[in-house]
Amino acid sequence: MSAWTKFRDGLVAKIKRLLGIAEEEPEKNSAAGTAEGEACEGNRAREEPEAAPAPSSAPPAWDKAVHASCWDGDNAQKRMMNILSPGFSDSKFAEYAAWMKSRGCDAAHVFLVNQGDGEGAGQNCATNKSHAALAKKRIEALRKDGFAVVPWIIADDSDEWLKDLFAHPEERVKALADAGLFDDASYVVVGLEMDEAGSACDKSWAAVAAALRRHYKGKLGTHHKSGNSFAYAGLGEIVLGQLDPGCSTSDIKKQISAIKAKGKAAVGFEYARSPDRAKAQAALDAGAIGVGNW
């Protein structure tokens with residue numbers, strides 16, 4: 001083949017490719033054809049826009065779990081935090097999830113261990129595999145529905161199960177991790193009203209948090225009784241604030257400022273026993289990363 005013929009054929013092939021005209025594959029034994037093909041493919045890769053990345057299944061970041069409504073009713077008769085419990089039917093779980101979504105919630109706070117705190121209580125995902133399996137299924141459903149999920153290890157009003165957790169922190173936390181209950185967590189809260197039992201529990205809560213650090217690599221939250229003591233703030237990166245239902249927006253802003261002054265991210269978690277948009281917004285305006293009374 002003459003040099004002119006090679007040049008002509010190569011030029012025609014390039015023009016066809018630029019115009020998107022299909023062309024027969026080059027001969028297998030033609031080294032020149034192979035080299036030309038590779039060069040053109042390289043040019044095409046540079047010219048065509050990159051494909052959009054596949055959607056990520058990773059949970060939302062810790063500071064993207066913003067709006068949650070965790071209770072409803074004059075005395076918190078409805079408990080959205082308990083929806084992982086077998087005390088809730090699948091239809092009741094779906095009803096409460098839909099209610100949260102209807103309010104514009106993007107986060108669901110849920111208990112993993114709750115002996116007797118409120119509606120539907122009675123699940124222990126750390127010792128009961130069927131409870132853990134149901135909780136995993138429902139967490140996955142919440143994530144699929146667009147919620148960030150924030151698991152809490154244990155509720156108060158769980159005296160016997162709290163003693164069990166303190167006696168076996170490594171085993172119980174590992175069981176929760178092995179069941180996949182932290183896989184979809186945006187962050188994990190160590191416990192509810194951790195300072196309720198006093199300083200005698202300091203080492204016990206520290207042991208639970210240390211076990212969490214071994215089995216969960218995300219950020220940890222701590223929750224305290226109403227006020228500004230924040231006794232266990234050092235165990236986590238996030239402090240969930242709580243004030244009595246009669247608190248003012250000024251009280252809320254002061255508390256958020258106090259939490260931030262400790263170098264912690266603040267969540268304005270509980271200010272009423274039912275949703276209170278004004279108080280929740282006051283916390284967000286003061287710099288909270290999330291709220292529980294949306």
# chains A, B, ... in the order shown; residues from 1 in each chain; ligands from 1
call {"tool": "select_by_dssp", "arguments": {"residues": "range 49-279 of chain A", "states": "helix (DSSP H, G or I)", "output": "PyMOL selection string"}}
result
chain A and resi 62-64+80-82+90-102+129-144+159-167+169-178+194-197+199-215+233-235+249-261+277-279
call {"tool": "residues_around", "arguments": {"residues": "Asn75 in chain A", "least_positions_apart": "4", "cutoff": "9 Å", "atoms": "only C-alpha atoms", "output": "NGL selection string"}}
result
:A and (71 or 272-274)
call {"tool": "write_last_selection", "arguments": {"atoms": "C-alpha atoms", "output": "mmCIF file, in the first residue's frame"}}
result
data_model
loop_
_atom_site.group_PDB
_atom_site.id
_atom_site.type_symbol
_atom_site.label_atom_id
_atom_site.label_comp_id
_atom_site.auth_asym_id
_atom_site.auth_seq_id
_atom_site.Cartn_x
_atom_site.Cartn_y
_atom_site.Cartn_z
ATOM 1 C CA TRP A 71 -42.681 13.104 69.826
ATOM 2 C CA ALA A 272 -41.319 20.528 74.376
ATOM 3 C CA ARG A 273 -43.251 17.262 74.514
ATOM 4 C CA SER A 274 -44.564 17.772 70.989
#
call {"tool": "residues_around", "arguments": {"residues": "Lys129 in chain A", "least_positions_apart": "6", "cutoff": "10 Å", "atoms": "only C-alpha atoms", "output": "count of residues only"}}
result
4
call {"tool": "select_by_dssp", "arguments": {"residues": "range 45-195 of chain A", "states": "strand (DSSP E)", "output": "ChimeraX atom specification"}}
result
/A:71-72,78-79,107-114,123-124,148-154,188-189
call {"tool": "atom_distance", "arguments": {"atom1": "CA of Lys219 in chain A", "atom2": "CA of Tyr187 in chain A"}}
result
5.2 Å
call {"tool": "closest_residue", "arguments": {"among": "A:Val267, A:Ile289, A:Ala258, A:Ala65", "to": "Leu240 in chain A", "atoms": "only C-alpha atoms"}}
result
A:Val267
call {"tool": "closest_residue", "arguments": {"among": "A:Asp244, A:Asp117, A:Asp202, A:Asp156", "to": "Ala231 in chain A", "atoms": "only C-alpha atoms"}}
result
A:Asp202
call {"tool": "atom_distance", "arguments": {"atom1": "CA of Lys203 in chain A", "atom2": "CA of Ala167 in chain A"}}
result
11.1 Å
call {"tool": "atom_distance", "arguments": {"atom1": "CA of Gly246 in chain A", "atom2": "CA of Gln115 in chain A"}}
result
27.8 Å
call {"tool": "residues_around", "arguments": {"residues": "Ser85 in chain A", "least_positions_apart": "6", "cutoff": "10 Å", "atoms": "only C-alpha atoms", "output": "number ranges by chain"}}
result
A: 93, 110-114, 119-125, 131-132, 134-135, 138
call {"tool": "write_last_selection", "arguments": {"atoms": "N, CA and C atoms", "output": "tab-separated table (two decimals), in the first residue's frame"}}
result
chain	number	residue	atom	x	y	z
A	93	PHE	N	-45.37	1.62	62.06
A	93	PHE	CA	-44.05	2.14	61.68
A	93	PHE	C	-44.19	3.03	60.43
A	110	VAL	N	-33.67	7.21	66.73
A	110	VAL	CA	-34.30	5.94	67.10
A	110	VAL	C	-33.51	5.23	68.20
A	111	PHE	N	-34.23	4.62	69.14
A	111	PHE	CA	-33.61	3.84	70.20
A	111	PHE	C	-33.31	2.42	69.74
A	112	LEU	N	-32.17	1.89	70.19
A	112	LEU	CA	-31.83	0.49	69.96
A	112	LEU	C	-32.17	-0.37	71.17
A	113	VAL	N	-32.10	0.22	72.35
A	113	VAL	CA	-32.44	-0.48	73.60
A	113	VAL	C	-33.36	0.43	74.40
A	114	ASN	N	-34.55	-0.06	74.73
A	114	ASN	CA	-35.51	0.76	75.46
A	114	ASN	C	-36.45	-0.17	76.22
A	119	GLU	N	-44.42	4.89	74.44
A	119	GLU	CA	-45.21	4.06	73.55
A	119	GLU	C	-44.36	3.03	72.82
A	120	GLY	N	-44.81	1.77	72.87
A	120	GLY	CA	-44.15	0.71	72.10
A	120	GLY	C	-42.82	0.25	72.64
A	121	ALA	N	-42.41	0.72	73.82
A	121	ALA	CA	-41.11	0.34	74.37
A	121	ALA	C	-41.06	-1.17	74.61
A	122	GLY	N	-39.85	-1.70	74.67
A	122	GLY	CA	-39.68	-3.11	74.95
A	122	GLY	C	-38.77	-3.81	73.96
A	123	GLN	N	-37.83	-3.07	73.34
A	123	GLN	CA	-36.91	-3.74	72.42
A	123	GLN	C	-35.49	-3.67	72.98
A	124	ASN	N	-34.77	-4.77	72.81
A	124	ASN	CA	-33.36	-4.80	73.20
A	124	ASN	C	-32.56	-5.43	72.06
A	125	CYS	N	-32.10	-4.58	71.17
A	125	CYS	CA	-31.37	-5.06	69.99
A	125	CYS	C	-29.98	-5.58	70.33
A	131	HIS	N	-35.17	-8.80	67.52
A	131	HIS	CA	-35.35	-7.35	67.65
A	131	HIS	C	-34.35	-6.62	66.76
A	132	ALA	N	-33.10	-7.10	66.77
A	132	ALA	CA	-32.06	-6.46	65.97
A	132	ALA	C	-32.36	-6.57	64.48
A	134	LEU	N	-35.29	-6.84	63.01
A	134	LEU	CA	-36.39	-5.95	62.68
A	134	LEU	C	-35.90	-4.50	62.62
A	135	ALA	N	-35.06	-4.13	63.59
A	135	ALA	CA	-34.52	-2.77	63.61
A	135	ALA	C	-33.70	-2.49	62.36
A	138	ARG	N	-35.98	-1.89	59.42
A	138	ARG	CA	-36.67	-0.60	59.47
A	138	ARG	C	-35.72	0.57	59.26
call {"tool": "residues_around", "arguments": {"residues": "Cys70 in chain A", "least_positions_apart": "5", "cutoff": "6 Å", "atoms": "only C-alpha atoms", "output": "PyMOL selection string"}}
result
chain A and resi 80-81+292
call {"tool": "write_last_selection", "arguments": {"atoms": "N, CA and C atoms", "output": "short mmCIF file (atom, residue, chain, number, x, y, z; two decimals), in the first residue's frame"}}
result
data_model
loop_
_atom_site.label_atom_id
_atom_site.label_comp_id
_atom_site.auth_asym_id
_atom_site.auth_seq_id
_atom_site.Cartn_x
_atom_site.Cartn_y
_atom_site.Cartn_z
N MET A 80 -41.98 8.72 68.19
CA MET A 80 -41.32 8.37 66.94
C MET A 80 -39.95 7.74 67.17
N MET A 81 -39.33 7.99 68.32
CA MET A 81 -38.02 7.40 68.61
C MET A 81 -38.10 5.89 68.85
N GLY A 292 -34.82 18.40 67.45
CA GLY A 292 -35.69 17.25 67.66
C GLY A 292 -37.16 17.60 67.74
#
call {"tool": "residues_around", "arguments": {"residues": "Leu243 in chain A", "least_positions_apart": "4", "cutoff": "8 Å", "atoms": "only C-alpha atoms", "output": "number ranges by chain"}}
result
A: 225-227, 247, 252, 270-271
call {"tool": "closest_residue", "arguments": {"among": "A:Ile238, A:Ile153, A:Ala141, A:Met194", "to": "His224 in chain A", "atoms": "only C-alpha atoms"}}
result
A:Met194
call {"tool": "residues_around", "arguments": {"residues": "Gln255 in chain A", "least_positions_apart": "3", "cutoff": "9 Å", "atoms": "only C-alpha atoms", "output": "list in words"}}
result
Gly227, Asn228, Gly241, Gln242, Leu243, Ser250, Asp251, Ile252, Ala258, Ile259, Lys260, Ala266, Gly268 and Ala283 of chain A
